[in-house]
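> File run_9.txt follows (compact mmCIF, C-alpha atoms):
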# COMPACT_ATOMS: atom_id res chain seq x y z
CA MET A 1 113.83 94.82 93.02
CA ILE A 2 113.29 96.18 96.53
CA TYR A 3 109.62 96.77 97.35
CA SER A 4 108.98 99.11 100.26
CA VAL A 5 106.01 98.27 102.43
CA LYS A 6 103.22 100.81 102.09
CA PHE A 7 100.57 100.40 104.75
CA SER A 8 96.95 100.82 103.64
CA THR A 9 93.48 99.42 104.21
CA PHE A 10 92.90 96.35 102.05
CA VAL A 11 89.71 96.51 99.98
CA LEU A 12 88.81 93.76 97.51
CA PRO A 13 87.44 94.63 94.06
CA ASN A 14 83.91 93.87 95.31
CA LYS A 15 84.51 96.29 98.22
CA ALA A 16 84.49 93.52 100.82
CA ARG A 17 87.00 94.39 103.53
CA MET A 18 89.50 91.99 104.99
CA LYS A 19 88.55 90.48 108.32
CA ILE A 20 91.24 91.14 110.93
CA GLU A 21 91.46 89.48 114.33
CA LEU A 22 94.44 90.49 116.45
CA THR A 23 96.02 88.27 119.07
CA SER A 24 95.20 89.06 122.67
CA LYS A 25 98.81 88.43 123.72
CA SER A 26 101.93 88.69 121.58
CA ARG A 27 104.51 85.89 121.76
CA ILE A 28 107.39 88.11 120.69
CA SER A 29 108.83 88.31 124.22
CA GLU A 30 109.30 84.52 124.17
CA VAL A 31 111.70 84.69 121.20
CA ASP A 32 115.46 85.13 121.57
CA PHE A 33 116.30 87.35 118.59
CA SER A 34 120.01 86.73 119.14
CA ASN A 35 119.46 83.03 118.43
CA LEU A 36 117.01 82.40 115.57
CA PRO A 37 117.02 78.85 114.16
CA PHE A 38 115.71 79.12 110.62
CA GLY A 39 111.94 78.79 110.41
CA ARG A 40 111.29 77.69 114.01
CA ASN A 41 109.67 80.81 115.48
CA MET A 42 106.37 81.87 113.95
CA SER A 43 105.14 85.44 114.17
CA ASP A 44 101.90 86.40 115.89
CA HIS A 45 99.58 86.46 112.89
CA MET A 46 98.87 84.73 109.58
CA PHE A 47 96.95 85.57 106.43
CA VAL A 48 94.31 83.10 105.16
CA CYS A 49 92.04 83.13 102.12
CA HIS A 50 89.86 80.21 100.99
CA PHE A 51 88.80 79.28 97.47
CA LYS A 52 85.33 77.69 97.43
CA ASN A 53 82.59 77.22 94.83
CA GLY A 54 84.90 78.52 92.12
CA ALA A 55 85.67 81.87 93.80
CA TRP A 56 88.03 83.41 96.33
CA GLN A 57 86.30 84.22 99.62
CA GLU A 58 86.82 87.08 102.07
CA PRO A 59 90.46 87.11 103.19
CA GLU A 60 91.41 87.37 106.83
CA ILE A 61 94.32 87.95 109.14
CA ARG A 62 94.12 86.08 112.43
CA PRO A 63 96.40 84.83 115.21
CA TYR A 64 98.80 82.10 114.13
CA GLY A 65 97.23 78.77 114.98
CA GLN A 66 96.28 75.25 114.01
CA LEU A 67 94.85 73.75 110.82
CA GLU A 68 91.09 73.28 110.73
CA PHE A 69 90.94 70.16 108.55
CA SER A 70 90.45 66.43 109.01
CA TYR A 71 92.74 63.55 108.09
CA GLY A 72 90.95 63.40 104.76
CA LEU A 73 92.61 66.66 103.71
CA HIS A 74 93.28 66.33 99.98
CA ALA A 75 96.78 67.87 100.09
CA LEU A 76 97.98 65.22 102.55
CA HIS A 77 97.07 62.38 100.20
CA TYR A 78 97.94 63.76 96.76
CA GLY A 79 100.51 66.49 97.35
CA GLN A 80 98.57 69.23 95.57
CA SER A 81 100.48 71.98 97.30
CA ALA A 82 103.00 74.68 96.38
CA PHE A 83 104.86 77.39 98.26
CA GLU A 84 107.21 80.35 97.99
CA GLY A 85 109.96 81.73 100.19
CA MET A 86 110.82 85.42 100.39
CA LYS A 87 112.10 87.92 102.95
CA ALA A 88 111.40 91.32 104.50
CA TYR A 89 114.31 93.41 105.78
CA ARG A 90 114.67 96.17 108.33
CA LYS A 91 116.45 99.10 106.66
CA ASP A 92 118.78 101.57 108.34
CA ASP A 93 116.00 104.17 108.62
CA GLY A 94 113.76 101.66 110.41
CA THR A 95 111.38 101.03 107.51
CA VAL A 96 110.66 97.56 106.13
CA SER A 97 111.26 96.40 102.56
CA MET A 98 110.58 93.18 100.69
CA PHE A 99 112.75 91.76 97.92
CA ARG A 100 110.93 91.06 94.62
CA PRO A 101 107.51 90.06 96.01
CA LEU A 102 105.82 90.25 92.61
CA ASP A 103 108.28 87.70 91.23
CA ASN A 104 107.37 85.33 94.06
CA PHE A 105 103.69 85.98 93.37
CA ALA A 106 104.13 85.13 89.69
CA ARG A 107 106.13 81.98 90.44
CA LEU A 108 103.55 80.72 92.94
CA ASN A 109 100.84 81.08 90.32
CA LYS A 110 103.07 79.33 87.76
CA SER A 111 103.44 76.40 90.16
CA GLY A 112 99.71 76.48 90.87
CA ALA A 113 98.82 76.31 87.19
CA ARG A 114 100.95 73.18 86.70
CA LEU A 115 99.36 71.56 89.75
CA MET A 116 95.79 72.43 88.66
CA MET A 117 95.27 74.99 91.42
CA PRO A 118 93.47 78.36 90.98
CA GLN A 119 95.37 81.55 90.27
CA ILE A 120 95.70 83.90 93.22
CA PRO A 121 94.65 87.48 92.40
CA GLU A 122 97.47 90.01 92.78
CA GLU A 123 95.45 92.20 95.16
CA ILE A 124 94.88 89.29 97.53
CA PHE A 125 98.57 88.34 97.52
CA MET A 126 100.15 91.80 97.69
CA ASP A 127 97.66 93.70 99.84
CA GLY A 128 97.28 90.78 102.22
CA LEU A 129 101.05 90.46 102.53
CA THR A 130 101.49 94.19 103.10
CA LYS A 131 98.82 94.30 105.80
CA LEU A 132 100.30 91.25 107.53
CA LEU A 133 103.73 92.90 107.64
CA GLU A 134 102.19 96.08 109.01
CA ILE A 135 100.59 94.17 111.88
CA ASP A 136 103.70 92.10 112.67
CA ALA A 137 106.28 94.80 111.88
CA ASN A 138 107.94 94.34 115.28
CA TRP A 139 108.89 90.80 114.25
CA VAL A 140 111.26 92.03 111.52
CA PRO A 141 114.76 91.67 113.04
CA THR A 142 117.19 94.56 113.19
CA ALA A 143 120.47 92.60 113.27
CA GLU A 144 122.69 92.39 110.19
CA GLU A 145 122.04 89.32 108.00
CA HIS A 146 118.73 88.72 109.79
CA SER A 147 115.31 89.08 108.21
CA LEU A 148 111.67 88.12 108.42
CA TYR A 149 111.18 84.99 106.33
CA ILE A 150 107.83 84.96 104.51
CA ARG A 151 106.16 81.72 103.49
CA PRO A 152 103.19 82.09 101.10
CA PHE A 153 101.64 78.72 100.26
CA LEU A 154 98.64 77.27 98.47
CA PHE A 155 97.20 73.82 99.12
CA ALA A 156 94.24 71.61 98.22
CA SER A 157 91.77 71.81 101.09
CA SER A 158 88.87 69.59 100.03
CA GLU A 159 88.30 66.59 102.26
CA PHE A 160 88.05 63.54 100.02
CA ILE A 161 90.43 60.76 98.97
CA ALA A 162 89.61 60.32 95.29
CA ALA A 163 92.62 60.73 92.99
CA ARG A 164 91.62 63.91 91.19
CA GLN A 165 92.25 67.60 91.72
CA SER A 166 90.65 69.28 94.69
CA ASP A 167 87.55 71.46 94.56
CA ASP A 168 88.59 73.77 97.40
CA TYR A 169 91.92 75.47 98.10
CA THR A 170 93.49 77.56 100.84
CA PHE A 171 96.07 80.30 100.40
CA CYS A 172 98.07 81.26 103.50
CA ILE A 173 101.00 83.46 104.46
CA ILE A 174 102.98 82.85 107.63
CA THR A 175 106.19 84.58 108.71
CA SER A 176 109.19 83.78 110.86
CA PRO A 177 112.13 85.91 112.07
CA VAL A 178 115.36 84.23 110.97
CA GLY A 179 119.11 84.47 110.94
CA PRO A 180 121.31 83.16 108.09
CA TYR A 181 120.25 79.78 106.67
CA TYR A 182 123.87 78.59 106.74
CA ASN A 183 126.68 79.79 108.98
CA GLY A 184 130.08 80.12 107.36
CA SER A 185 131.04 78.60 104.02
CA VAL A 186 128.69 76.26 102.16
CA LYS A 187 129.89 73.01 100.60
CA VAL A 188 127.64 71.50 97.93
CA LYS A 189 127.63 68.13 96.21
CA ILE A 190 126.75 67.66 92.53
CA GLU A 191 124.20 64.84 92.76
CA LEU A 192 124.52 62.29 89.94
CA GLU A 193 122.05 59.58 90.99
CA TYR A 194 118.92 61.32 92.27
CA THR A 195 116.94 64.01 90.45
CA ARG A 196 113.69 65.89 90.93
CA ALA A 197 113.44 67.18 87.35
CA THR A 198 112.56 65.13 84.26
CA GLY A 199 111.22 66.04 80.85
CA GLY A 200 107.53 66.88 81.16
CA GLY A 201 107.71 66.78 84.96
CA ILE A 202 107.18 69.38 87.66
CA GLY A 203 110.80 70.05 88.60
CA TYR A 204 110.43 73.74 87.73
CA THR A 205 107.65 74.24 90.28
CA LYS A 206 107.96 74.83 94.01
CA ALA A 207 105.69 71.87 94.68
CA ALA A 208 105.82 70.54 98.22
CA GLY A 209 106.61 67.01 97.00
CA ASN A 210 109.71 68.16 95.16
CA TYR A 211 111.31 69.02 98.46
CA GLY A 212 110.15 65.89 100.28
CA GLY A 213 111.83 63.83 97.57
CA ALA A 214 115.08 65.75 98.03
CA PHE A 215 115.45 65.00 101.74
CA TYR A 216 117.00 61.55 101.28
CA PRO A 217 119.81 62.50 98.85
CA THR A 218 120.46 65.62 100.91
CA SER A 219 120.80 63.56 104.09
CA GLN A 220 123.30 61.30 102.34
CA ALA A 221 125.30 64.31 101.18
CA ILE A 222 125.36 65.71 104.72
CA LYS A 223 126.86 62.43 105.94
CA GLU A 224 129.64 62.98 103.39
CA GLY A 225 130.39 66.46 104.77
CA TYR A 226 128.32 68.59 102.40
CA ASN A 227 125.63 71.14 103.27
CA GLN A 228 123.40 70.73 100.23
CA VAL A 229 123.06 69.07 96.81
CA ILE A 230 122.91 70.46 93.29
CA TRP A 231 120.63 68.67 90.82
What is this file in structure tokens?


Amino acid sequence: MIYSVKFSTFVLPNKARMKIELTSKSRISEVDFSNLPFGRNMSDHMFVCHFKNGAWQEPEIRPYGQLEFSYGLHALHYGQSAFEGMKAYRKDDGTVSMFRPLDNFARLNKSGARLMMPQIPEEIFMDGLTKLLEIDANWVPTAEEHSLYIRPFLFASSEFIAARQSDDYTFCIITSPVGPYYNGSVKVKIELEYTRATGGGIGYTKAAGNYGGAFYPTSQAIKEGYNQVIW
């Protein structure tokens, strides 16, 4: 399903407005849009919303920047983190559309439930995403097969190192203008030794650790002339 971006003021159910801080200087002129390595160039702004004391706080859009946490960040030690990947496209008439954002929203919450993380309200996800794309609309490429890659992610943001679920969480959206992930044909290997999915496990989620565990078998497959692994 193609979802056209409709720009509007974001108002939470409790009527608290989103805090918006715009960058003083765009970095878009520093990016070569004819050469876009996948996921390397971040757009000017990001969306952030914290979960504290059992409730989602006021969301905000601010200039893309650094994390605000210490080395005791819970997600670093226990991998309580999940993400999504989706895209926005520049259409022939100049407008911007997203592909199936509500499906990505539902899947992120499905991953979050398995990892004991709070459910993200739809209005925070969709209205925050829409406003972010409105602000950074110039970052959506115009070239064929290019797009704005969108990375929503949710991670445990308490600062303690006890092996239990976090108390606090942070939901973010960052974006990056990209070209095709692969150039030309793609050769895949059916992996018979390594697996990320087992009965009762979390293979069906987009947990961060699932991908970290796949790097080694993927690197071995690349040495054999493949681009990626299946299974």

> Interatomic distance between CA of Tyr89 in chain A and CA of Leu129 in chain A?

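So the two atoms, CA of Tyr89 in chain A and CA of Leu129 in chain A, lie 14.0 Å apart.
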
> What separation in Å, quoted to one decimal, exists between CA of Pro37 in chain A and CA of Pro217 in chain A?

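So the answer is 22.6 Å.
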
> Starting from the point (100.7, 67.0, 100.8), work out which residues of protein, DNA or RNA have an atom no more than 10 Å away when counting all atoms listed in the file; state them as a ChimeraX atom specification.

/A:73-82,155-156,207-209,212

> Select all residues near (97.0, 83.1, 112.7) (cut-off 9 Å, inclusive, file coordinates), counting all atoms listed in the file, and output them as a list of chain:residue names.

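Every residue inside that radius is included here: A:Glu21, A:Leu22, A:Thr23, A:Ser43, A:Asp44, A:His45, A:Met46, A:Phe47, A:Val48, A:Ile61, A:Arg62, A:Pro63, A:Tyr64, A:Gly65, A:Gln66, A:Ile174.
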
> Counting all atoms listed in the file, which residue out of A:Thr170, A:Thr95, A:Asn227, A:Gln220 sits closest to Tyr194 in chain A?

A:Gln220

> I'd like to know which of A:Asp92, A:Glu159, A:Asp168, A:Glu191 is closest to Ala143 in chain A, using only C-alpha atoms.

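Closest to Ala143 in chain A of all the choices is A:Asp92.
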
> So the first atom is CA of Thr205 in chain A and the second is CA of Phe99 in chain A; what is the distance between them in Å, to one decimal place?

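We find that CA of Thr205 in chain A and CA of Phe99 in chain A lie 19.8 Å from each other.
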
> Which residue is closest to Asp93 in chain A? Choose from A:Ile161, A:Ile20, A:Asp136, A:Thr142 and count all atoms listed in the file.

A:Thr142

> For Ala137 in chain A, work out the shell of residues within 12 Å, counting only C-alpha atoms and skipping chain neighbours fewer than 6 positions away, then give it as a short mmCIF file (atom, residue, chain, number, x, y, z; two decimals) with C-alpha atoms, in the frame of the given file.


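part38.cif, written as the output of this step:
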data_model
loop_
_atom_site.label_atom_id
_atom_site.label_comp_id
_atom_site.auth_asym_id
_atom_site.auth_seq_id
_atom_site.Cartn_x
_atom_site.Cartn_y
_atom_site.Cartn_z
CA VAL A 5 106.01 98.27 102.43
CA LYS A 6 103.22 100.81 102.09
CA PHE A 7 100.57 100.40 104.75
CA ILE A 28 107.39 88.11 120.69
CA SER A 43 105.14 85.44 114.17
CA ASP A 44 101.90 86.40 115.89
CA HIS A 45 99.58 86.46 112.89
CA ALA A 88 111.40 91.32 104.50
CA TYR A 89 114.31 93.41 105.78
CA ARG A 90 114.67 96.17 108.33
CA GLY A 94 113.76 101.66 110.41
CA THR A 95 111.38 101.03 107.51
CA VAL A 96 110.66 97.56 106.13
CA SER A 97 111.26 96.40 102.56
CA LEU A 129 101.05 90.46 102.53
CA THR A 130 101.49 94.19 103.10
CA LYS A 131 98.82 94.30 105.80
CA SER A 147 115.31 89.08 108.21
CA LEU A 148 111.67 88.12 108.42
CA THR A 175 106.19 84.58 108.71
CA SER A 176 109.19 83.78 110.86
CA PRO A 177 112.13 85.91 112.07
#

> Any idea what's packed within 12 Å of Ser185 in chain A, counting only C-alpha atoms, ignoring anything in its chain fewer than 4 positions away? Could you give it as a PDB file with C-alpha atoms, keeping the file's coordinate frame?


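And here is the file that came out, part-v9.pdb:
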ATOM      1  CA  PRO A 180     121.310  83.160 108.090  1.00  0.00           C
ATOM      2  CA  TYR A 181     120.250  79.780 106.670  1.00  0.00           C
ATOM      3  CA  TYR A 226     128.320  68.590 102.400  1.00  0.00           C
ATOM      4  CA  ASN A 227     125.630  71.140 103.270  1.00  0.00           C
ATOM      5  CA  GLN A 228     123.400  70.730 100.230  1.00  0.00           C
TER       6      GLN A 228
END

> Name the closest residue to Trp56 in chain A among the candidates A:Val229, A:Ile135, A:Ile124, A:Leu102; distances are taken between atoms, counting only C-alpha atoms.

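Counting only C-alpha atoms, the residue closest to Trp56 in chain A is A:Ile124.
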
> Here is a test: counting only C-alpha atoms, which residue of A:Gly179, A:Gly225, A:Pro121, A:Pro141 is nearest to Leu108 in chain A?

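For Leu108 in chain A, the nearest of the given residues is A:Pro121.
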
> Provide an axis-aligned box for all listed atoms of range 150-161 of chain A, padding each side by 4 Å; report its centre and its edge lengths in Å to one decimal, as AutoDock Vina command-line options.


--center_x 97.9 --center_y 72.9 --center_z 101.4 --size_x 27.8 --size_y 32.2 --size_z 14.3

> Would you please work out which residue, of A:Ala162, A:Gln57, A:Asn210, A:Met98, is nearest to Leu133 in chain A when using only C-alpha atoms?

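So, comparing all the options, the nearest one is A:Met98.
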
> With all atoms listed in the file as the counted atoms, please give the residues lying no more than 8 Å from Glu58 in chain A, apart from itself and same-chain residues fewer than 6 positions off, as a ChimeraX atom specification.

/A:16-19,49-50
